[in-house]
file protein.pdb (PDB, C-alpha atoms)
ATOM      1  CA  MET A   1      65.847   4.512-103.978
ATOM      2  CA  TYR A   2      66.229   1.341-101.926
ATOM      3  CA  PRO A   3      69.613   0.623-100.330
ATOM      4  CA  ASP A   4      71.305  -2.631-101.239
ATOM      5  CA  LEU A   5      70.084  -4.456 -98.179
ATOM      6  CA  GLU A   6      71.521  -7.825 -99.202
ATOM      7  CA  ARG A   7      74.987  -6.354 -99.572
ATOM      8  CA  LEU A   8      74.677  -4.447 -96.290
ATOM      9  CA  TYR A   9      73.548  -7.580 -94.495
ATOM     10  CA  ASP A  10      76.357  -9.716 -95.904
ATOM     11  CA  ASP A  11      78.983  -7.106 -95.082
ATOM     12  CA  HIS A  12      77.892  -6.158 -91.582
ATOM     13  CA  ALA A  13      75.377  -8.559 -90.038
ATOM     14  CA  GLN A  14      78.064 -10.757 -88.477
ATOM     15  CA  SER A  15      79.698  -7.822 -86.695
ATOM     16  CA  LEU A  16      76.376  -6.401 -85.561
ATOM     17  CA  PHE A  17      75.241  -9.802 -84.338
ATOM     18  CA  ALA A  18      78.387 -10.382 -82.255
ATOM     19  CA  PHE A  19      78.308  -6.861 -80.837
ATOM     20  CA  LEU A  20      74.625  -7.018 -79.958
ATOM     21  CA  LEU A  21      74.916 -10.487 -78.476
ATOM     22  CA  ASN A  22      77.786  -9.356 -76.280
ATOM     23  CA  PHE A  23      75.920  -6.183 -75.346
ATOM     24  CA  THR A  24      72.490  -7.652 -74.631
ATOM     25  CA  ARG A  25      73.450 -11.238 -73.730
ATOM     26  CA  ASP A  26      70.135 -12.355 -75.132
ATOM     27  CA  GLU A  27      69.707 -14.079 -78.479
ATOM     28  CA  ALA A  28      66.069 -13.077 -78.950
ATOM     29  CA  ASP A  29      66.875  -9.429 -78.200
ATOM     30  CA  THR A  30      69.810  -9.622 -80.591
ATOM     31  CA  ARG A  31      67.518 -10.927 -83.332
ATOM     32  CA  ASP A  32      64.980  -8.158 -82.713
ATOM     33  CA  LEU A  33      67.615  -5.447 -82.650
ATOM     34  CA  LEU A  34      69.279  -6.699 -85.809
ATOM     35  CA  GLN A  35      65.892  -6.642 -87.483
ATOM     36  CA  GLU A  36      65.262  -3.143 -86.176
ATOM     37  CA  VAL A  37      68.541  -1.819 -87.571
ATOM     38  CA  PHE A  38      68.006  -3.232 -91.058
ATOM     39  CA  THR A  39      64.350  -2.237 -91.137
ATOM     40  CA  LYS A  40      65.370   1.312 -90.282
ATOM     41  CA  LEU A  41      67.781   1.290 -93.207
ATOM     42  CA  ALA A  42      65.075  -0.048 -95.502
ATOM     43  CA  ARG A  43      62.617   2.654 -94.440
ATOM     44  CA  GLN A  44      65.105   5.523 -94.455
ATOM     45  CA  PRO A  45      67.634   4.924 -97.239
ATOM     46  CA  ALA A  46      68.910   8.500 -96.868
ATOM     47  CA  LEU A  47      70.499   7.532 -93.553
ATOM     48  CA  LEU A  48      73.483   6.057 -95.360
ATOM     49  CA  GLN A  49      73.930   8.855 -97.896
ATOM     50  CA  HIS A  50      76.853  10.740 -96.375
ATOM     51  CA  VAL A  51      78.268   7.959 -94.211
ATOM     52  CA  ARG A  52      82.002   7.374 -94.613
ATOM     53  CA  GLU A  53      82.380   4.371 -92.312
ATOM     54  CA  GLU A  54      79.394   2.095 -92.741
ATOM     55  CA  ARG A  55      80.458  -0.376 -90.072
ATOM     56  CA  ALA A  56      80.935   2.278 -87.383
ATOM     57  CA  PHE A  57      77.648   3.921 -88.349
ATOM     58  CA  LEU A  58      75.704   0.652 -88.236
ATOM     59  CA  LEU A  59      77.269  -0.271 -84.904
ATOM     60  CA  ARG A  60      76.142   3.089 -83.577
ATOM     61  CA  LEU A  61      72.597   2.436 -84.801
ATOM     62  CA  ALA A  62      72.717  -1.004 -83.169
ATOM     63  CA  ARG A  63      74.066   0.322 -79.914
ATOM     64  CA  ASN A  64      71.446   3.107 -79.774
ATOM     65  CA  ALA A  65      68.700   0.579 -80.476
ATOM     66  CA  ALA A  66      70.028  -1.611 -77.653
ATOM     67  CA  VAL A  67      70.148   1.336 -75.242
ATOM     68  CA  ASP A  68      66.553   2.219 -76.196
ATOM     69  CA  LEU A  69      65.561  -1.365 -75.461
ATOM     70  CA  ILE A  70      67.176  -1.114 -72.040
ATOM     71  CA  ARG A  71      65.295   2.103 -71.330
ATOM     72  CA  ARG A  72      62.002   0.542 -72.394
ATOM     73  CA  ARG A  73      62.645  -2.227 -69.898
ATOM     74  CA  ASP A  74      63.600   0.175 -67.181
ATOM     75  CA  THR A  75      61.076  -1.261 -64.744
ATOM     76  CA  ARG A  76      62.509  -4.753 -65.103
ATOM     77  CA  ASP A  77      66.223  -4.024 -65.348
ATOM     78  CA  ARG A  78      66.806  -1.032 -63.150
ATOM     79  CA  ASN A  79      70.554  -0.959 -63.542
ATOM     80  CA  TYR A  80      71.971  -0.241 -66.992
ATOM     81  CA  GLY A  81      75.253  -1.904 -65.971
ATOM     82  CA  GLN A  82      73.499  -5.149 -65.076
ATOM     83  CA  PHE A  83      72.159  -5.537 -68.587
ATOM     84  CA  GLY A  84      73.858  -8.527 -70.164
ATOM     85  CA  ALA A  85      74.749 -10.370 -66.993
ATOM     86  CA  GLU A  86      73.120 -13.554 -68.325
ATOM     87  CA  GLN A  87      75.072 -16.511 -69.678
ATOM     88  CA  VAL A  88      75.094 -16.791 -73.440
ATOM     89  CA  ALA A  89      77.209 -18.682 -75.966
ATOM     90  CA  LEU A  90      79.233 -15.763 -77.239
ATOM     91  CA  PHE A  91      82.088 -17.711 -78.822
ATOM     92  CA  SER A  92      82.227 -20.599 -81.255
ATOM     93  CA  SER A  93      82.316 -23.993 -79.591
ATOM     94  CA  ALA A  94      85.744 -25.651 -79.282
ATOM     95  CA  ALA A  95      86.681 -29.311 -79.356
ATOM     96  CA  ASP A  96      89.609 -28.808 -77.001
ATOM     97  CA  PRO A  97      88.304 -28.754 -73.383
ATOM     98  CA  ASP A  98      90.874 -26.188 -72.227
ATOM     99  CA  THR A  99      89.979 -23.809 -75.039
ATOM    100  CA  ALA A 100      86.276 -24.354 -74.413
ATOM    101  CA  ALA A 101      86.791 -23.651 -70.702
ATOM    102  CA  PHE A 102      88.730 -20.464 -71.462
ATOM    103  CA  ARG A 103      86.029 -19.237 -73.850
ATOM    104  CA  ALA A 104      83.306 -19.928 -71.328
ATOM    105  CA  GLU A 105      85.284 -18.072 -68.655
ATOM    106  CA  LEU A 106      85.966 -15.188 -71.026
ATOM    107  CA  ALA A 107      82.259 -14.923 -71.850
ATOM    108  CA  GLN A 108      81.481 -14.844 -68.136
ATOM    109  CA  ALA A 109      84.187 -12.256 -67.454
ATOM    110  CA  LEU A 110      82.826 -10.049 -70.231
ATOM    111  CA  ALA A 111      79.336 -10.352 -68.783
ATOM    112  CA  GLU A 112      80.617  -9.026 -65.478
ATOM    113  CA  LEU A 113      82.002  -5.849 -67.066
ATOM    114  CA  PRO A 114      79.800  -2.742 -67.113
ATOM    115  CA  ALA A 115      78.002  -2.486 -70.458
ATOM    116  CA  ASP A 116      79.967   0.637 -71.479
ATOM    117  CA  GLN A 117      83.333  -1.052 -70.913
ATOM    118  CA  ARG A 118      82.130  -4.245 -72.549
ATOM    119  CA  ALA A 119      81.149  -2.369 -75.710
ATOM    120  CA  VAL A 120      84.553  -0.680 -75.964
ATOM    121  CA  VAL A 121      86.456  -3.903 -75.275
ATOM    122  CA  HIS A 122      84.403  -5.713 -77.896
ATOM    123  CA  LEU A 123      85.007  -3.109 -80.603
ATOM    124  CA  LYS A 124      88.725  -2.912 -79.841
ATOM    125  CA  LEU A 125      89.415  -6.637 -79.626
ATOM    126  CA  TRP A 126      87.050  -8.187 -82.130
ATOM    127  CA  GLU A 127      86.408  -5.346 -84.581
ATOM    128  CA  GLY A 128      89.956  -4.032 -84.473
ATOM    129  CA  PHE A 129      88.681  -0.456 -84.197
ATOM    130  CA  THR A 130      90.951   2.428 -83.248
ATOM    131  CA  PHE A 131      89.887   4.570 -80.299
ATOM    132  CA  GLU A 132      88.766   7.251 -82.752
ATOM    133  CA  GLN A 133      86.519   4.764 -84.529
ATOM    134  CA  ILE A 134      85.175   3.530 -81.208
ATOM    135  CA  ALA A 135      84.516   7.118 -80.208
ATOM    136  CA  THR A 136      82.534   7.638 -83.421
ATOM    137  CA  ALA A 137      80.565   4.426 -83.019
ATOM    138  CA  LEU A 138      79.688   4.944 -79.366
ATOM    139  CA  GLU A 139      79.469   8.756 -79.416
ATOM    140  CA  ILE A 140      82.056   9.220 -76.668
ATOM    141  CA  PRO A 141      85.391  11.087 -76.593
ATOM    142  CA  PRO A 142      88.438   9.020 -77.703
ATOM    143  CA  ASN A 143      90.072   9.454 -74.285
ATOM    144  CA  THR A 144      87.009   7.973 -72.618
ATOM    145  CA  ALA A 145      87.133   5.052 -75.036
ATOM    146  CA  ALA A 146      90.824   4.489 -74.201
ATOM    147  CA  SER A 147      90.275   4.604 -70.448
ATOM    148  CA  ARG A 148      87.248   2.306 -70.622
ATOM    149  CA  TYR A 149      89.297  -0.157 -72.633
ATOM    150  CA  ARG A 150      92.150  -0.058 -70.144
ATOM    151  CA  TYR A 151      89.817  -0.621 -67.158
ATOM    152  CA  GLY A 152      87.966  -3.395 -68.936
ATOM    153  CA  LEU A 153      91.108  -5.183 -70.045
ATOM    154  CA  ASP A 154      92.608  -4.971 -66.548
ATOM    155  CA  LYS A 155      89.498  -6.638 -65.140
ATOM    156  CA  LEU A 156      89.604  -9.372 -67.768
ATOM    157  CA  ARG A 157      93.285  -9.956 -67.096
ATOM    158  CA  ASP A 158      92.773 -10.227 -63.344
ATOM    159  CA  ARG A 159      89.857 -12.546 -63.814
ATOM    160  CA  LEU A 160      91.409 -14.817 -66.453
ATOM    161  CA  ARG A 161      95.036 -14.832 -65.323
ATOM    162  CA  PRO A 162      95.021 -18.265 -63.614
ATOM    163  CA  LEU A 163      93.288 -20.006 -66.478
ATOM    164  CA  TYR A 164      95.397 -18.257 -69.081
ATOM    165  CA  GLU A 165      98.649 -19.196 -67.325
ATOM    166  CA  GLU A 166      97.441 -22.764 -67.101
ATOM    167  CA  ILE A 167      96.608 -23.267 -70.771
ATOM    168  CA  LYS A 168      99.464 -21.175 -72.189
TER     169      LYS A 168
ATOM    170  CA  MET B   1     101.776 -12.278 -68.287
ATOM    171  CA  ASN B   2     102.626 -10.181 -71.338
ATOM    172  CA  ASP B   3      99.935  -7.565 -72.160
ATOM    173  CA  ASP B   4     100.243  -7.915 -75.928
ATOM    174  CA  GLU B   5     100.169 -11.696 -75.708
ATOM    175  CA  PHE B   6      97.046 -11.658 -73.579
ATOM    176  CA  GLU B   7      95.275  -9.192 -75.882
ATOM    177  CA  SER B   8      96.176 -11.182 -78.980
ATOM    178  CA  HIS B   9      95.004 -14.382 -77.274
ATOM    179  CA  LEU B  10      91.635 -12.740 -76.619
ATOM    180  CA  ARG B  11      91.438 -11.527 -80.233
ATOM    181  CA  GLN B  12      91.973 -15.063 -81.463
ATOM    182  CA  GLN B  13      88.823 -16.355 -79.766
ATOM    183  CA  PRO B  14      86.295 -16.667 -82.598
ATOM    184  CA  LEU B  15      82.883 -15.139 -82.006
ATOM    185  CA  ARG B  16      79.746 -17.111 -82.783
ATOM    186  CA  GLU B  17      78.370 -16.709 -86.256
ATOM    187  CA  VAL B  18      75.013 -15.158 -86.995
ATOM    188  CA  PRO B  19      72.421 -17.936 -87.550
ATOM    189  CA  PRO B  20      72.098 -18.409 -91.348
ATOM    190  CA  ALA B  21      68.292 -18.655 -91.207
ATOM    191  CA  TRP B  22      68.053 -15.089 -89.924
ATOM    192  CA  ARG B  23      69.238 -13.622 -93.222
ATOM    193  CA  ARG B  24      66.183 -14.650 -95.237
ATOM    194  CA  ASP B  25      63.677 -13.639 -92.535
ATOM    195  CA  ILE B  26      65.281 -10.313 -91.730
ATOM    196  CA  LEU B  27      65.656  -9.287 -95.373
ATOM    197  CA  ARG B  28      62.098 -10.335 -96.189
ATOM    198  CA  GLU B  29      60.736  -8.186 -93.370
ATOM    199  CA  CYS B  30      62.968  -5.315 -94.472
ATOM    200  CA  HIS B  31      61.642  -5.426 -98.023
ATOM    201  CA  GLN B  32      58.077  -5.538 -96.731
ATOM    202  CA  ALA B  33      58.747  -2.535 -94.530
ATOM    203  CA  ALA B  34      60.360  -0.649 -97.412
ATOM    204  CA  ASP B  35      57.428  -1.408 -99.723
ATOM    205  CA  ALA B  36      54.923  -0.317 -97.078
ATOM    206  CA  THR B  37      56.811   2.938 -96.507
ATOM    207  CA  HIS B  38      57.006   3.599-100.242
ATOM    208  CA  ALA B  39      53.286   2.853-100.693
ATOM    209  CA  THR B  40      52.317   5.143 -97.801
ATOM    210  CA  ALA B  41      54.392   7.988 -99.237
ATOM    211  CA  ALA B  42      52.971   7.533-102.736
ATOM    212  CA  ALA B  43      49.312   7.087-101.687
ATOM    213  CA  PRO B  44      48.259  10.804-101.555
ATOM    214  CA  ARG B  45      49.837  11.475-104.976
ATOM    215  CA  VAL B  46      48.080   8.465-106.461
ATOM    216  CA  ALA B  47      44.758   9.583-104.951
ATOM    217  CA  TRP B  48      45.094  13.100-106.423
ATOM    218  CA  ALA B  49      46.054  11.707-109.799
ATOM    219  CA  ALA B  50      42.998   9.426-109.722
ATOM    220  CA  VAL B  51      40.691  12.348-108.907
ATOM    221  CA  TRP B  52      42.110  14.450-111.762
ATOM    222  CA  LEU B  53      41.919  11.546-114.179
ATOM    223  CA  ARG B  54      38.303  10.867-113.272
ATOM    224  CA  PHE B  55      37.439  14.556-113.644
ATOM    225  CA  LEU B  56      39.123  14.927-117.016
ATOM    226  CA  THR B  57      37.541  11.717-118.277
ATOM    227  CA  ALA B  58      34.121  12.994-117.217
ATOM    228  CA  LEU B  59      34.716  16.270-119.092
ATOM    229  CA  ARG B  60      35.314  14.333-122.285
ATOM    230  CA  THR B  61      32.005  12.491-121.920
ATOM    231  CA  PRO B  62      29.278  14.628-123.574
ATOM    232  CA  GLN B  63      26.415  13.011-121.624
ATOM    233  CA  SER B  64      27.742  14.124-118.254
ATOM    234  CA  ALA B  65      26.905  17.775-117.522
ATOM    235  CA  LEU B  66      27.927  17.682-113.883
ATOM    236  CA  PRO B  67      31.696  18.277-114.341
ATOM    237  CA  TRP B  68      30.987  21.186-116.743
ATOM    238  CA  ALA B  69      28.518  22.669-114.274
ATOM    239  CA  GLY B  70      31.102  22.362-111.515
ATOM    240  CA  LEU B  71      33.734  24.059-113.651
ATOM    241  CA  ALA B  72      31.290  26.880-114.548
ATOM    242  CA  ALA B  73      30.445  27.355-110.851
ATOM    243  CA  VAL B  74      34.130  27.652-109.973
ATOM    244  CA  TRP B  75      34.581  30.319-112.685
ATOM    245  CA  LEU B  76      31.520  32.230-111.438
ATOM    246  CA  VAL B  77      32.904  32.299-107.926
ATOM    247  CA  ILE B  78      36.289  33.540-109.232
ATOM    248  CA  LEU B  79      34.603  36.310-111.294
ATOM    249  CA  ALA B  80      32.390  37.378-108.394
ATOM    250  CA  LEU B  81      35.379  37.663-106.066
ATOM    251  CA  ASN B  82      37.289  39.648-108.661
ATOM    252  CA  HIS B  83      34.345  42.023-109.211
ATOM    253  CA  ASN B  84      33.947  42.644-105.457
ATOM    254  CA  GLN B  85      37.609  43.554-105.150
ATOM    255  CA  ARG B  86      37.287  46.134-107.958
ATOM    256  CA  GLU B  87      34.255  47.739-106.286
ATOM    257  CA  GLU B  88      36.100  48.187-103.026
ATOM    258  CA  SER B  89      39.104  49.857-104.629
ATOM    259  CA  PRO B  90      37.635  53.396-105.356
ATOM    260  CA  ALA B  91      36.310  53.681-101.803
ATOM    261  CA  VAL B  92      39.741  52.974-100.361
ATOM    262  CA  LEU B  93      41.305  55.525-102.715
ATOM    263  CA  ALA B  94      38.725  58.155-101.718
ATOM    264  CA  GLN B  95      39.604  57.709 -98.028
ATOM    265  CA  ALA B  96      43.263  58.320 -98.800
ATOM    266  CA  ALA B  97      42.554  61.474-100.965
ATOM    267  CA  PRO B  98      44.047  64.897 -99.820
ATOM    268  CA  VAL B  99      41.943  67.459 -97.814
ATOM    269  CA  SER B 100      40.192  70.098 -99.904
ATOM    270  CA  PRO B 101      41.512  73.766 -99.909
ATOM    271  CA  GLN B 102      38.277  75.060 -98.299
ATOM    272  CA  ILE B 103      38.851  72.932 -95.244
ATOM    273  CA  VAL B 104      42.477  74.085 -95.033
ATOM    274  CA  LEU B 105      41.351  77.733 -95.116
ATOM    275  CA  ALA B 106      38.715  77.156 -92.452
ATOM    276  CA  LEU B 107      41.315  75.533 -90.190
ATOM    277  CA  ARG B 108      43.699  78.498 -90.625
ATOM    278  CA  GLU B 109      40.926  80.930 -89.700
ATOM    279  CA  GLN B 110      40.106  78.916 -86.627
ATOM    280  CA  ASN B 111      43.779  78.880 -85.567
ATOM    281  CA  LYS B 112      44.053  82.695 -85.980
ATOM    282  CA  MET B 113      40.919  83.230 -83.898
ATOM    283  CA  PHE B 114      42.296  81.103 -81.031
ATOM    284  CA  ALA B 115      45.555  83.058 -81.119
ATOM    285  CA  GLU B 116      43.674  86.395 -80.825
ATOM    286  CA  LEU B 117      41.605  85.129 -77.918
ATOM    287  CA  LEU B 118      44.742  84.105 -76.033
ATOM    288  CA  ALA B 119      46.543  87.377 -77.020
ATOM    289  CA  VAL B 120      49.508  85.466 -78.392
ATOM    290  CA  PRO B 121      50.957  86.116 -81.802
ATOM    291  CA  PRO B 122      50.111  83.154 -83.987
ATOM    292  CA  HIS B 123      53.752  82.431 -84.878
ATOM    293  CA  GLU B 124      54.686  82.281 -81.139
ATOM    294  CA  ALA B 125      52.059  79.689 -80.272
ATOM    295  CA  ASP B 126      54.531  76.873 -80.719
ATOM    296  CA  ARG B 127      57.291  78.453 -78.597
ATOM    297  CA  PRO B 128      57.696  76.722 -75.157
ATOM    298  CA  LYS B 129      56.404  78.740 -72.208
ATOM    299  CA  ALA B 130      58.816  80.245 -69.692
ATOM    300  CA  GLY B 131      57.257  78.535 -66.689
ATOM    301  CA  MET B 132      57.414  75.123 -68.227
ATOM    302  CA  PRO B 133      60.129  72.788 -66.865
ATOM    303  CA  ARG B 134      63.063  72.402 -69.230
ATOM    304  CA  PRO B 135      64.785  69.133 -70.016
ATOM    305  CA  ARG B 136      67.438  68.184 -67.427
ATOM    306  CA  SER B 137      70.176  68.338 -70.072
ATOM    307  CA  GLU B 138      69.489  72.070 -70.536
ATOM    308  CA  CYS B 139      69.724  72.876 -66.820
ATOM    309  CA  HIS B 140      72.910  74.730 -65.755
ATOM    310  CA  PRO B 141      73.786  74.278 -62.070
ATOM    311  CA  LEU B 142      74.453  77.445 -60.130
ATOM    312  CA  PHE B 143      77.683  77.354 -58.080
ATOM    313  CA  LEU B 144      78.162  79.728 -55.252
ATOM    314  CA  THR B 145      81.695  80.633 -54.257
ATOM    315  CA  VAL B 146      82.252  82.013 -50.775
TER     316      VAL B 146
END
call {"tool": "encode", "arguments": {"input": "protein.pdb", "output": "structure tokens"}}
result
Amino acid sequence: MYPDLERLYDDHAQSLFAFLLNFTRDEADTRDLLQEVFTKLARQPALLQHVREERAFLLRLARNAAVDLIRRRDTRDRNYGQFGAEQVALFSSAADPDTAAFRAELAQALAELPADQRAVVHLKLWEGFTFEQIATALEIPPNTAASRYRYGLDKLRDRLRPLYEEIK
Amino acid sequence: MNDDEFESHLRQQPLREVPPAWRRDILRECHQAADATHATAAAPRVAWAAVWLRFLTALRTPQSALPWAGLAAVWLVILALNHNQREESPAVLAQAAPVSPQIVLALREQNKMFAELLAVPPHEADRPKAGMPRPRSECHPLFLTV
């Protein structure tokens, strides 16, 4: 039996896209990984049979696919933490120059975080996941998720404080 | 700077949307992949079904003697194997048959003769000899008190 791929895409592609783009910082890689995730679902419909939280499960598939991609490119990108250091338009464009400047700075600050912290910060802030859900999605203990979030947020706050105070 | 305020300000930044053109391409490739997987899984079953269908169709055609000859050959092989197994069975049973009474008597005579030669009563032949070392568990240490 085929899974309802159209429904799955409409429900989750936006989240997967944003997560993968933030994780890989490369639009072409994001496209390939998104394709890989949905193709896997098409080939193995049983994967979703006993899944309670589709979003968390699909994010885990996406994250594992991204990590595999990093490993395949091990010769080029030696450091796992450096993956995603490139500039990419992560946020929607803004007409207001201050808002646009803040978004660009936020994207840069996120790029400077280690990939593990960036993933947790992304899921907490933009997916609204609890630490338990993040733990499920990233296959880490909830305490680790909480501490990574705290470290990541502290770095973002330090980095963005001047700009944030200015535009507030 | 309030922590909650900062976090909520970050949350309010809208992420870029997935390019709309990707949907059609990704789903098309997914359906192709699913069809290919399904076809690969079904191929051996289809092949077997085709072979059986061809065979059965050939049996129904009176002009073609080849399928009937093949079927007859298969039955001959099965009968030959069955016959060989039946022939082997009595031999195996004969090997497992009990020893005849004459042989038992001859063995008893031989045993008695050995006992006489060694001057040992036949019923004592199995008793352990005095000089033989006993198991350590049967040894009783001798204590000397001065």
call {"tool": "residues_around", "arguments": {"input": "protein.pdb", "residues": "Trp22 of chain B", "least_positions_apart": "5", "cutoff": "10 Å", "atoms": "all atoms listed in the file", "output": "compact mmCIF listing (two decimals) with C-alpha atoms, keeping the file's coordinate frame"}}
result
# COMPACT_ATOMS: atom_id res chain seq x y z
CA ALA A 13 75.38 -8.56 -90.04
CA ARG A 31 67.52 -10.93 -83.33
CA LEU A 34 69.28 -6.70 -85.81
CA GLN A 35 65.89 -6.64 -87.48
CA LEU B 27 65.66 -9.29 -95.37
CA ARG B 28 62.10 -10.34 -96.19
call {"tool": "closest_residue", "arguments": {"input": "protein.pdb", "among": "A:Arg71, A:Ala56, A:Pro45, A:Leu113", "to": "Thr130 of chain A", "atoms": "only C-alpha atoms"}}
result
A:Ala56
call {"tool": "resolve_selection", "arguments": {"input": "protein.pdb", "expression": "the ChimeraX specification (/A :<10) & /B", "output": "PDB file with C-alpha atoms, in the coordinates of the input"}}
result
ATOM      1  CA  MET B   1     101.776 -12.278 -68.287  1.00  0.00           C
ATOM      2  CA  ASP B   3      99.935  -7.565 -72.160  1.00  0.00           C
ATOM      3  CA  PHE B   6      97.046 -11.658 -73.579  1.00  0.00           C
ATOM      4  CA  GLU B   7      95.275  -9.192 -75.882  1.00  0.00           C
ATOM      5  CA  SER B   8      96.176 -11.182 -78.980  1.00  0.00           C
ATOM      6  CA  HIS B   9      95.004 -14.382 -77.274  1.00  0.00           C
ATOM      7  CA  LEU B  10      91.635 -12.740 -76.619  1.00  0.00           C
ATOM      8  CA  ARG B  11      91.438 -11.527 -80.233  1.00  0.00           C
ATOM      9  CA  GLN B  12      91.973 -15.063 -81.463  1.00  0.00           C
ATOM     10  CA  GLN B  13      88.823 -16.355 -79.766  1.00  0.00           C
ATOM     11  CA  PRO B  14      86.295 -16.667 -82.598  1.00  0.00           C
ATOM     12  CA  LEU B  15      82.883 -15.139 -82.006  1.00  0.00           C
ATOM     13  CA  ARG B  16      79.746 -17.111 -82.783  1.00  0.00           C
ATOM     14  CA  GLU B  17      78.370 -16.709 -86.256  1.00  0.00           C
ATOM     15  CA  VAL B  18      75.013 -15.158 -86.995  1.00  0.00           C
ATOM     16  CA  PRO B  19      72.421 -17.936 -87.550  1.00  0.00           C
ATOM     17  CA  TRP B  22      68.053 -15.089 -89.924  1.00  0.00           C
ATOM     18  CA  ARG B  23      69.238 -13.622 -93.222  1.00  0.00           C
ATOM     19  CA  ARG B  24      66.183 -14.650 -95.237  1.00  0.00           C
ATOM     20  CA  ASP B  25      63.677 -13.639 -92.535  1.00  0.00           C
ATOM     21  CA  ILE B  26      65.281 -10.313 -91.730  1.00  0.00           C
ATOM     22  CA  LEU B  27      65.656  -9.287 -95.373  1.00  0.00           C
ATOM     23  CA  ARG B  28      62.098 -10.335 -96.189  1.00  0.00           C
ATOM     24  CA  GLU B  29      60.736  -8.186 -93.370  1.00  0.00           C
ATOM     25  CA  CYS B  30      62.968  -5.315 -94.472  1.00  0.00           C
ATOM     26  CA  HIS B  31      61.642  -5.426 -98.023  1.00  0.00           C
ATOM     27  CA  GLN B  32      58.077  -5.538 -96.731  1.00  0.00           C
ATOM     28  CA  ALA B  33      58.747  -2.535 -94.530  1.00  0.00           C
ATOM     29  CA  ALA B  34      60.360  -0.649 -97.412  1.00  0.00           C
ATOM     30  CA  ASP B  35      57.428  -1.408 -99.723  1.00  0.00           C
ATOM     31  CA  ALA B  36      54.923  -0.317 -97.078  1.00  0.00           C
ATOM     32  CA  THR B  37      56.811   2.938 -96.507  1.00  0.00           C
ATOM     33  CA  HIS B  38      57.006   3.599-100.242  1.00  0.00           C
TER      34      HIS B  38
END
call {"tool": "atom_distance", "arguments": {"input": "protein.pdb", "atom1": "atom CA of Arg72 of chain A", "atom2": "atom CA of Ser147 of chain A"}}
result
28.6 Å
call {"tool": "atom_distance", "arguments": {"input": "protein.pdb", "atom1": "atom CA of Ile167 of chain A", "atom2": "atom CA of Ala109 of chain A"}}
result
16.9 Å
call {"tool": "atom_distance", "arguments": {"input": "protein.pdb", "atom1": "atom CA of Leu20 of chain A", "atom2": "atom CA of Ala107 of chain A"}}
result
13.7 Å
call {"tool": "residues_around", "arguments": {"input": "protein.pdb", "residues": "Thr144 of chain A", "least_positions_apart": "6", "cutoff": "10 Å", "atoms": "all atoms listed in the file", "output": "JSON, numbers by chain"}}
result
{"A": [117, 120, 131, 134, 135, 150]}
call {"tool": "write_last_selection", "arguments": {"input": "protein.pdb", "atoms": "C-alpha atoms", "output": "PDB file, in the frame of the given file"}}
result
ATOM      1  CA  GLN A 117      83.333  -1.052 -70.913  1.00  0.00           C
ATOM      2  CA  VAL A 120      84.553  -0.680 -75.964  1.00  0.00           C
ATOM      3  CA  PHE A 131      89.887   4.570 -80.299  1.00  0.00           C
ATOM      4  CA  ILE A 134      85.175   3.530 -81.208  1.00  0.00           C
ATOM      5  CA  ALA A 135      84.516   7.118 -80.208  1.00  0.00           C
ATOM      6  CA  ARG A 150      92.150  -0.058 -70.144  1.00  0.00           C
TER       7      ARG A 150
END
call {"tool": "axis_aligned_box", "arguments": {"input": "protein.pdb", "around": "segment 18-30 of chain A", "padding_each_side": "8 Å", "output": "lines of an AutoDock Vina configuration file"}}
result
center_x = 72.2
center_y = -10.1
center_z = -78.0
size_x = 28.3
size_y = 23.9
size_z = 24.5
